[in-house]
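*Asks:* Pasting protein12.txt here (compact mmCIF, C-alpha atoms (C1' of nucleotides)):
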# COMPACT_ATOMS: atom_id res chain seq x y z
CA MET A 8 23.86 24.63 20.13
CA LYS A 9 25.91 24.21 16.97
CA LEU A 10 24.33 22.00 14.37
CA GLU A 11 27.44 19.81 14.09
CA ASP A 12 27.01 18.76 17.70
CA GLU A 13 23.35 17.88 17.31
CA ILE A 14 23.67 15.96 14.05
CA LYS A 15 26.68 14.01 15.13
CA GLN A 16 29.53 13.00 12.84
CA TYR A 17 28.21 15.15 10.05
CA HIS A 18 30.49 17.05 7.75
CA PHE A 19 29.00 19.91 5.76
CA GLN A 20 30.08 20.71 2.24
CA ASP A 21 29.91 24.44 2.89
CA ASP A 22 28.02 27.05 4.88
CA TRP A 23 25.17 27.11 2.40
CA GLN A 24 24.51 23.40 2.79
CA LYS A 25 24.74 23.83 6.53
CA ALA A 26 22.18 26.64 6.34
CA LEU A 27 19.79 24.45 4.38
CA LEU A 28 20.03 21.64 6.91
CA ASN A 29 19.89 24.13 9.74
CA ILE A 30 16.52 25.47 8.57
CA LEU A 31 15.15 21.95 8.24
CA TYR A 32 16.59 20.87 11.56
CA THR A 33 15.37 23.94 13.43
CA GLY A 34 11.91 23.67 11.84
CA ASN A 35 11.66 20.06 12.92
CA TRP A 36 12.92 20.95 16.35
CA LEU A 37 10.19 23.57 16.74
CA THR A 38 7.55 21.20 15.38
CA ASP A 39 8.69 18.47 17.78
CA ASN A 40 8.28 20.94 20.64
CA PHE A 41 4.73 21.74 19.59
CA MET A 42 3.98 18.08 19.10
CA SER A 43 5.15 17.04 22.54
CA ILE A 44 3.23 19.85 24.24
CA SER A 45 0.07 19.16 22.24
CA LYS A 46 0.28 15.45 22.90
CA LYS A 47 -0.10 16.04 26.62
CA TYR A 48 -3.50 17.54 25.88
CA GLY A 49 -4.68 14.78 23.55
CA ILE A 50 -4.14 16.60 20.26
CA ASN A 51 -1.28 16.97 17.78
CA ASP A 52 0.56 20.00 16.44
CA GLN A 53 -1.77 20.38 13.47
CA HIS A 54 -4.80 20.40 15.75
CA TYR A 55 -3.04 23.01 17.83
CA ASN A 56 -2.29 25.17 14.80
CA ILE A 57 -5.92 25.00 13.72
CA LEU A 58 -7.12 26.04 17.16
CA ARG A 59 -4.67 28.95 17.13
CA ILE A 60 -6.01 30.11 13.80
CA LEU A 61 -9.59 29.83 15.03
CA ARG A 62 -8.81 31.76 18.20
CA GLY A 63 -7.40 34.50 16.01
CA ARG A 64 -10.78 34.72 14.30
CA HIS A 65 -12.95 34.36 17.39
CA PRO A 66 -15.77 35.22 17.82
CA LYS A 67 -15.91 34.95 14.06
CA CYS A 68 -15.56 31.62 12.34
CA ALA A 69 -13.46 30.29 9.48
CA CYS A 70 -14.28 27.69 6.87
CA PRO A 71 -11.91 24.79 6.11
CA GLY A 72 -10.70 26.47 2.92
CA GLU A 73 -9.56 29.54 4.82
CA ILE A 74 -7.90 27.45 7.50
CA ARG A 75 -6.03 25.44 4.91
CA GLN A 76 -4.71 28.61 3.32
CA VAL A 77 -3.35 29.98 6.58
CA LEU A 78 -1.87 26.75 7.94
CA VAL A 79 1.92 26.81 7.65
CA ASN A 80 2.00 23.05 7.31
CA LYS A 81 -0.36 21.35 4.91
CA ARG A 82 0.26 17.91 6.40
CA GLY A 83 -2.85 15.96 7.24
CA ASP A 84 -6.42 15.63 6.08
CA LEU A 85 -8.19 18.79 7.18
CA THR A 86 -11.65 17.20 7.20
CA ARG A 87 -10.52 14.50 9.59
CA LEU A 88 -8.40 16.84 11.69
CA LEU A 89 -11.59 18.86 12.19
CA ASP A 90 -13.57 15.66 12.82
CA LYS A 91 -11.39 15.01 15.81
CA LEU A 92 -11.53 18.57 17.16
CA ASP A 93 -15.31 18.43 16.73
CA LYS A 94 -15.57 15.08 18.50
CA MET A 95 -13.50 16.51 21.36
CA GLY A 96 -15.85 19.49 21.60
CA LEU A 97 -13.10 21.99 20.80
CA VAL A 98 -14.77 23.37 17.67
CA SER A 99 -18.29 23.48 16.27
CA ARG A 100 -19.29 22.91 12.69
CA ASN A 101 -22.26 24.53 10.99
CA VAL A 102 -23.23 24.77 7.38
CA ASN A 103 -22.72 28.35 6.22
CA ALA A 104 -26.06 30.08 5.77
CA GLU A 105 -25.08 32.11 2.72
CA ASN A 106 -23.16 29.40 0.88
CA ARG A 107 -24.25 25.95 1.80
CA ARG A 108 -21.13 24.39 0.28
CA MET A 109 -19.08 25.93 3.05
CA VAL A 110 -18.85 24.98 6.69
CA ASP A 111 -18.38 27.50 9.48
CA ILE A 112 -15.83 26.28 11.98
CA LEU A 113 -15.96 28.05 15.32
CA ILE A 114 -13.74 27.48 18.32
CA THR A 115 -15.81 26.60 21.37
CA GLN A 116 -15.33 27.85 24.92
CA GLN A 117 -13.80 24.49 25.64
CA GLY A 118 -11.33 25.06 22.81
CA LEU A 119 -10.47 28.51 24.14
CA ASP A 120 -9.98 27.06 27.61
CA LEU A 121 -7.62 24.42 26.27
CA LEU A 122 -5.49 27.02 24.48
CA LYS A 123 -5.40 29.15 27.62
CA LYS A 124 -4.04 26.19 29.55
CA MET A 125 -1.42 25.57 26.86
CA ASP A 126 -0.36 29.21 26.41
CA PRO A 127 2.16 29.50 29.25
CA ILE A 128 3.83 26.22 28.30
CA VAL A 129 4.07 27.16 24.64
CA ASP A 130 5.35 30.63 25.52
CA HIS A 131 7.99 29.16 27.77
CA VAL A 132 9.25 26.76 25.14
CA GLU A 133 9.17 29.22 22.25
CA ASN A 134 10.56 32.10 24.22
CA PHE A 135 11.94 33.69 21.06
CA LYS A 136 12.18 37.10 22.67
CA GLU A 137 14.81 35.83 25.07
CA ARG A 138 16.58 33.75 22.48
CA ILE A 139 17.19 36.32 19.77
CA THR A 140 17.19 40.12 19.61
CA HIS A 141 14.71 42.15 17.61
CA LYS A 142 17.41 42.93 15.09
CA GLU A 143 18.19 39.23 14.69
CA ALA A 144 14.52 38.43 14.17
CA LEU A 145 14.37 41.04 11.41
CA THR A 146 17.55 39.72 9.79
CA LEU A 147 16.25 36.16 9.98
CA ASN A 148 12.98 37.12 8.33
CA GLN A 149 14.79 38.96 5.59
CA ILE A 150 17.12 36.05 4.78
CA LEU A 151 14.36 33.43 4.89
CA ASP A 152 12.14 35.53 2.65
CA LYS A 153 15.06 35.84 0.28
CA ILE A 154 15.56 32.08 0.20
CA ARG A 155 11.98 31.49 -0.85
CA GLY A 156 12.12 34.37 -3.28
CA ASN A 157 12.83 34.27 -6.97
CA PRO A 158 16.15 36.04 -7.48
CA SER A 159 16.46 34.64 -10.98
CA GLY A 160 13.06 35.98 -11.97
CA GLN A 161 11.53 32.56 -12.49
CA GLY A 162 7.90 32.22 -11.63
CA LYS A 163 6.51 29.68 -9.22
CA GLU A 164 6.65 26.28 -10.85
CA LYS A 165 3.28 25.85 -12.43
CA GLU A 166 2.03 22.25 -12.72
CA MET B 6 8.65 36.50 -1.19
CA LYS B 7 7.39 38.07 2.02
CA LEU B 8 5.70 35.66 4.36
CA GLU B 9 2.60 37.83 4.65
CA ASP B 10 1.93 37.34 0.97
CA GLU B 11 2.29 33.58 1.10
CA ILE B 12 0.22 33.01 4.23
CA LYS B 13 -2.58 35.26 3.18
CA GLN B 14 -4.63 37.40 5.53
CA TYR B 15 -2.25 36.71 8.36
CA HIS B 16 -1.37 39.33 10.93
CA PHE B 17 1.73 38.73 13.01
CA GLN B 18 1.96 39.76 16.64
CA ASP B 19 5.55 40.90 16.25
CA ASP B 20 8.75 40.14 14.36
CA TRP B 21 9.64 37.28 16.70
CA GLN B 22 6.38 35.49 16.01
CA LYS B 23 6.90 36.08 12.32
CA ALA B 24 10.39 34.62 12.59
CA LEU B 25 9.03 31.50 14.27
CA LEU B 26 6.44 30.97 11.55
CA ASN B 27 8.98 31.86 8.90
CA ILE B 28 11.30 29.07 9.99
CA LEU B 29 8.45 26.57 10.00
CA TYR B 30 7.11 27.81 6.69
CA THR B 31 10.51 27.82 4.98
CA GLY B 32 11.33 24.38 6.37
CA ASN B 33 8.07 23.01 5.02
CA TRP B 34 8.67 24.74 1.73
CA LEU B 35 12.06 23.07 1.39
CA THR B 36 10.65 19.71 2.44
CA ASP B 37 7.85 20.03 -0.10
CA ASN B 38 10.46 20.67 -2.78
CA PHE B 39 12.36 17.52 -1.85
CA MET B 40 9.13 15.55 -1.66
CA SER B 41 7.96 16.54 -5.10
CA ILE B 42 11.35 15.79 -6.68
CA SER B 43 11.66 12.46 -4.89
CA LYS B 44 8.15 11.45 -5.81
CA LYS B 45 9.03 11.54 -9.48
CA TYR B 46 11.57 8.80 -8.79
CA GLY B 47 9.25 6.61 -6.72
CA ILE B 48 10.59 7.52 -3.29
CA ASN B 49 9.82 10.15 -0.67
CA ASP B 50 11.95 12.81 0.98
CA GLN B 51 12.92 10.55 3.86
CA HIS B 52 14.11 7.87 1.47
CA TYR B 53 16.09 10.54 -0.34
CA ASN B 54 17.69 11.75 2.89
CA ILE B 55 18.70 8.23 3.80
CA LEU B 56 20.28 7.67 0.39
CA ARG B 57 22.18 10.95 0.75
CA ILE B 58 23.55 9.85 4.10
CA LEU B 59 24.57 6.48 2.69
CA ARG B 60 26.28 8.07 -0.28
CA GLY B 61 28.26 10.18 2.19
CA ARG B 62 29.51 6.95 3.74
CA HIS B 63 30.08 5.01 0.55
CA PRO B 64 31.90 2.67 0.06
CA LYS B 65 31.47 2.22 3.79
CA CYS B 66 28.13 1.30 5.26
CA ALA B 67 26.00 2.64 8.10
CA CYS B 68 23.68 0.83 10.46
CA PRO B 69 20.13 2.03 11.09
CA GLY B 70 21.08 3.51 14.45
CA GLU B 71 23.69 5.75 12.85
CA ILE B 72 21.32 6.77 10.09
CA ARG B 73 18.65 7.68 12.60
CA GLN B 74 21.08 9.87 14.48
CA VAL B 75 22.10 11.82 11.40
CA LEU B 76 18.64 12.21 9.86
CA VAL B 77 17.41 15.76 10.30
CA ASN B 78 13.83 14.57 10.37
CA LYS B 79 12.90 11.64 12.57
CA ARG B 80 9.53 11.17 10.85
CA GLY B 81 8.80 7.66 9.71
CA ASP B 82 9.63 4.11 10.65
CA LEU B 83 13.28 3.59 9.73
CA THR B 84 13.00 -0.19 9.43
CA ARG B 85 10.21 0.09 6.92
CA LEU B 86 11.77 3.01 5.08
CA LEU B 87 14.79 0.74 4.60
CA ASP B 88 12.50 -2.16 3.65
CA LYS B 89 11.31 -0.14 0.70
CA LEU B 90 14.79 1.01 -0.37
CA ASP B 91 15.91 -2.61 -0.11
CA LYS B 92 12.96 -3.87 -2.13
CA MET B 93 13.76 -1.25 -4.78
CA GLY B 94 17.36 -2.45 -4.90
CA LEU B 95 18.74 0.92 -3.80
CA VAL B 96 20.41 -0.39 -0.64
CA SER B 97 21.63 -3.74 0.61
CA ARG B 98 21.22 -5.12 4.11
CA ASN B 99 23.67 -7.46 5.80
CA VAL B 100 24.03 -8.50 9.38
CA ASN B 101 27.15 -6.88 10.80
CA ALA B 102 29.87 -9.48 11.26
CA GLU B 103 31.28 -8.06 14.46
CA ASN B 104 28.01 -7.28 16.17
CA ARG B 105 25.18 -9.40 14.96
CA ARG B 106 22.57 -7.09 16.50
CA MET B 107 23.45 -4.47 13.93
CA VAL B 108 22.68 -4.37 10.25
CA ASP B 109 25.06 -2.92 7.68
CA ILE B 110 23.19 -0.77 5.21
CA LEU B 111 25.08 -0.08 2.01
CA ILE B 112 23.97 2.02 -0.92
CA THR B 113 24.01 -0.02 -4.13
CA GLN B 114 25.23 1.08 -7.54
CA GLN B 115 21.56 1.45 -8.46
CA GLY B 116 21.11 3.77 -5.49
CA LEU B 117 24.13 5.82 -6.51
CA ASP B 118 22.81 6.03 -10.06
CA LEU B 119 19.46 7.27 -8.83
CA LEU B 120 21.07 10.03 -6.76
CA LYS B 121 23.21 11.02 -9.72
CA LYS B 122 20.08 11.44 -11.81
CA MET B 123 18.46 13.52 -9.07
CA ASP B 124 21.49 15.72 -8.30
CA PRO B 125 21.05 18.37 -10.99
CA ILE B 126 17.36 18.77 -10.23
CA VAL B 127 17.94 19.06 -6.50
CA ASP B 128 20.81 21.50 -7.06
CA HIS B 129 18.67 23.62 -9.29
CA VAL B 130 15.82 23.82 -6.80
CA GLU B 131 17.99 24.38 -3.74
CA ASN B 132 20.34 26.80 -5.43
CA PHE B 133 21.22 28.37 -2.11
CA LYS B 134 24.42 29.87 -3.45
CA GLU B 135 22.47 32.08 -5.78
CA ARG B 136 19.78 32.87 -3.26
CA ILE B 137 21.88 34.11 -0.35
CA THR B 138 25.43 35.34 0.07
CA HIS B 139 28.06 33.55 2.09
CA LYS B 140 27.76 36.17 4.79
CA GLU B 141 24.01 35.64 4.95
CA ALA B 142 24.47 31.89 5.25
CA LEU B 143 26.82 32.42 8.16
CA THR B 144 24.43 34.86 9.83
CA LEU B 145 21.53 32.47 9.34
CA ASN B 146 23.45 29.59 10.90
CA GLN B 147 24.42 31.72 13.83
CA ILE B 148 20.88 32.88 14.54
CA LEU B 149 19.35 29.42 14.12
CA ASP B 150 21.95 27.85 16.39
CA LYS B 151 21.14 30.54 18.92
CA ILE B 152 17.44 29.75 18.76
CA ARG B 153 18.02 26.13 19.59
CA GLY B 154 20.57 27.03 22.22
CA ASN B 155 20.09 27.42 25.93
CA PRO B 156 20.63 31.10 26.72
CA SER B 157 19.11 30.70 30.15
CA GLY B 158 21.42 27.87 31.05
CA GLN B 159 18.65 25.29 31.26
CA GLY B 160 19.54 21.79 30.16
CA LYS B 161 17.66 19.92 27.50
CA GLU B 162 14.28 19.01 28.89
CA LYS B 163 14.71 15.54 30.23
CA GLU B 164 11.46 13.55 29.99
C1' DC C 11 28.38 -21.58 31.75
C1' DT C 12 24.02 -18.92 33.11
C1' DA C 13 21.45 -15.09 34.13
C1' DC C 14 20.55 -10.37 33.69
C1' DG C 15 20.48 -5.84 31.93
C1' DA C 16 21.67 -3.12 27.95
C1' DT C 17 21.63 -2.40 23.05
C1' DA C 18 19.93 -2.77 18.03
C1' DT C 19 16.48 -3.77 15.21
C1' DT C 20 12.01 -5.65 13.93
C1' DT C 21 7.15 -6.41 14.23
C1' DG C 22 2.02 -5.82 15.46
C1' DT C 23 -1.49 -2.76 15.59
C1' DA C 24 -3.90 1.44 15.65
C1' DA C 25 -3.92 6.04 14.09
C1' DT C 26 -2.82 9.32 10.67
C1' DT C 27 -1.96 10.86 6.05
C1' DA C 28 -2.06 10.96 0.84
C1' DC C 29 -4.60 10.97 -3.03
C1' DG C 30 -8.09 10.20 -6.12
C1' DT C 31 -13.01 10.17 -6.31
C1' DA C 32 -17.68 11.39 -4.87
C1' DT C 33 -21.21 14.52 -3.16
C1' DA C 34 -23.39 18.83 -2.70
C1' DT C 35 -24.00 23.57 -3.87
C1' DT C 36 -23.46 27.64 -6.53
C1' DT C 37 -22.94 30.30 -10.76
C1' DA C 38 -23.72 31.03 -15.30
C1' DA C 39 -25.25 29.76 -19.95
C1' DG C 40 -28.67 28.11 -23.17
C1' DC D 5 -36.04 25.11 -16.10
C1' DT D 6 -31.92 22.23 -17.43
C1' DT D 7 -27.31 21.61 -18.06
C1' DA D 8 -22.50 22.35 -17.42
C1' DA D 9 -18.54 24.13 -15.16
C1' DA D 10 -16.61 25.66 -10.91
C1' DT D 11 -16.16 25.53 -5.99
C1' DA D 12 -16.13 23.50 -1.16
C1' DT D 13 -16.01 19.69 1.49
C1' DA D 14 -16.23 14.76 2.60
C1' DC D 15 -15.15 9.97 1.82
C1' DG D 16 -12.86 5.35 0.37
C1' DT D 17 -8.80 3.08 0.28
C1' DA D 18 -3.98 2.26 0.34
C1' DA D 19 0.28 3.72 2.20
C1' DT D 20 2.77 5.66 5.88
C1' DT D 21 3.68 6.69 10.62
C1' DA D 22 3.58 6.30 15.80
C1' DC D 23 4.03 3.60 19.65
C1' DA D 24 4.49 -0.26 22.40
C1' DA D 25 6.02 -4.75 22.68
C1' DA D 26 8.85 -8.54 20.89
C1' DT D 27 13.12 -10.59 19.28
C1' DA D 28 17.93 -11.21 19.01
C1' DT D 29 22.54 -10.34 20.45
C1' DC D 30 26.07 -8.64 23.39
C1' DG D 31 28.67 -7.58 27.73
C1' DT D 32 29.43 -8.86 32.14
C1' DA D 33 28.79 -10.42 36.90
C1' DG D 34 28.47 -14.45 39.65
How does this structure look as structure tokens?
*Replies:*
Amino acid sequence: MKLEDEIKQYHFQDDWQKALLNILYTGNWLTDNFMSISKKYGINDQHYNILRILRGRHPKCACPGEIRQVLVNKRGDLTRLLDKLDKMGLVSRNVNAENRRMVDILITQQGLDLLKKMDPIVDHVENFKERITHKEALTLNQILDKIRGNPSGQGKEKE
Amino acid sequence: MKLEDEIKQYHFQDDWQKALLNILYTGNWLTDNFMSISKKYGINDQHYNILRILRGRHPKCACPGEIRQVLVNKRGDLTRLLDKLDKMGLVSRNVNAENRRMVDILITQQGLDLLKKMDPIVDHVENFKERITHKEALTLNQILDKIRGNPSGQGKEKE
DNA sequence: CTACGATATTTGTAATTACGTATATTTAAG
DNA sequence: CTTAAATATACGTAATTACAAATATCGTAG
């Protein structure tokens, strides 16, 4: 659906401004989808993302630092997000044997079962393969990467 | 920059999954930019968005309901976001004369001045016109609209 | 006029998040 | 061994956000 119809009564300065808002809007739209699915299972979208990351590692574990690095969205307090997943029995926490500063987070069978239940619903809602072609996905990735890039040669803002 | 380099150690299933994460990642990246700029002026990105909407209406006003509809991101409690802008003197609130259920929100001169100070910084960070071509902006809009669309003819999920 | 449902916003409260600080452990230097 | 700097995580507290319920007003049917 065209952005103008979803954000009613809005007039865009130009196609670049529309693109900016379109990225934000579509990102929020996707996040809202994940949130509403997750909510039905007693977690939020960040919890879901963490479980997805941990399933990708299973049967290996990941420590909070690694999870933080991979999370697309840094929103939330990772310690307390993990507290909740732990309390729900979806992950286990153990002090790392080699480096006792670190904590090994492992997805439990219960966590894997939850994801398995959610998979078909998430797949159905995402459904990117039916929404855009492979060529479009490639184009999209290229343009988005370009947006975050540094065409003017400036480094990442330090400080 | 390529997404793989920013989300380290990540392996994507396919280009569609990468596109999904790329939208989320780029959206968060843009939001983080707005947040860090806004923070320097004592507000957050949602406050900034609201002020932008109100400037678009100026010298007319908008009621909370209209603002909510236009906001790309529904995060936050609009009443209390407006409380803060009001307390900071950036907007004024007056009961609408014709419909006393509604509240006219008007950006003040102080609010306009703040946006004017922020404009060059925001422009510099966004800088979409230097990042992507007009054709790319159009392509991006088309693909994003398609993602949110309903290719299979299903209506918006009701409830 | 009165009652009722619909609409627009606000408020109460609990949960979540931000952010600085604290704790614990490791690494390396003296 | 002791100390200091660096790293990894947790915690305290204030601010923000979510969600449900409350308040106030409007439109309209009787």
*Asks:* Given a cut-off of 7 Å, which residues of chain A touch chain C, counting all atoms listed in the file, written out as a PDB file with C-alpha atoms, in the frame of the given file?
*Replies:*
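Saved as out_16.pdb:
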ATOM      1  CA  GLY A  83      -2.850  15.960   7.240  1.00  0.00           C
ATOM      2  CA  ASP A  84      -6.420  15.630   6.080  1.00  0.00           C
ATOM      3  CA  ARG A 107     -24.250  25.950   1.800  1.00  0.00           C
ATOM      4  CA  ARG A 108     -21.130  24.390   0.280  1.00  0.00           C
TER       5      ARG A 108
END
*Asks:* Do you know which residues lie at most 12 Å from (31.4, 3.1, 7.4), with coordinates as in the file and all atoms listed in the file counted, and could you write them as JSON, numbers by chain?
*Replies:* {"A": [16], "B": [58, 59, 60, 61, 62, 63, 64, 65, 66, 67, 68, 69, 71, 72, 101, 108, 109, 110, 111, 112]}
*Asks:* Could you please tell me, as a PyMOL selection string, which residues of chain B have an atom within 9 Å of chain A when using all atoms listed in the file?
*Replies:* chain B and resi 6-8+11-15+20-36+74-79+131+133-139+141-157
*Asks:* Which distance in Å separates CA of Val127 in chain B and CA of Phe19 in chain A, to one decimal?
*Replies:*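 Calculated distance between CA of Val127 in chain B and CA of Phe19 in chain A is 16.5 Å.
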*Asks:* Rounded to one decimal, what separation in Å do you get between CA of Lys47 in chain A and CA of Met125 in chain A?
*Replies:*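 Taking CA of Lys47 in chain A as the start and CA of Met125 in chain A as the end point, the length is 9.6 Å.
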*Asks:* Between D:DA24, D:DA8, D:DG31, D:DA14, single out the one closest to Asn104 in chain B, counting all atoms listed in the file.
*Replies:* D:DG31
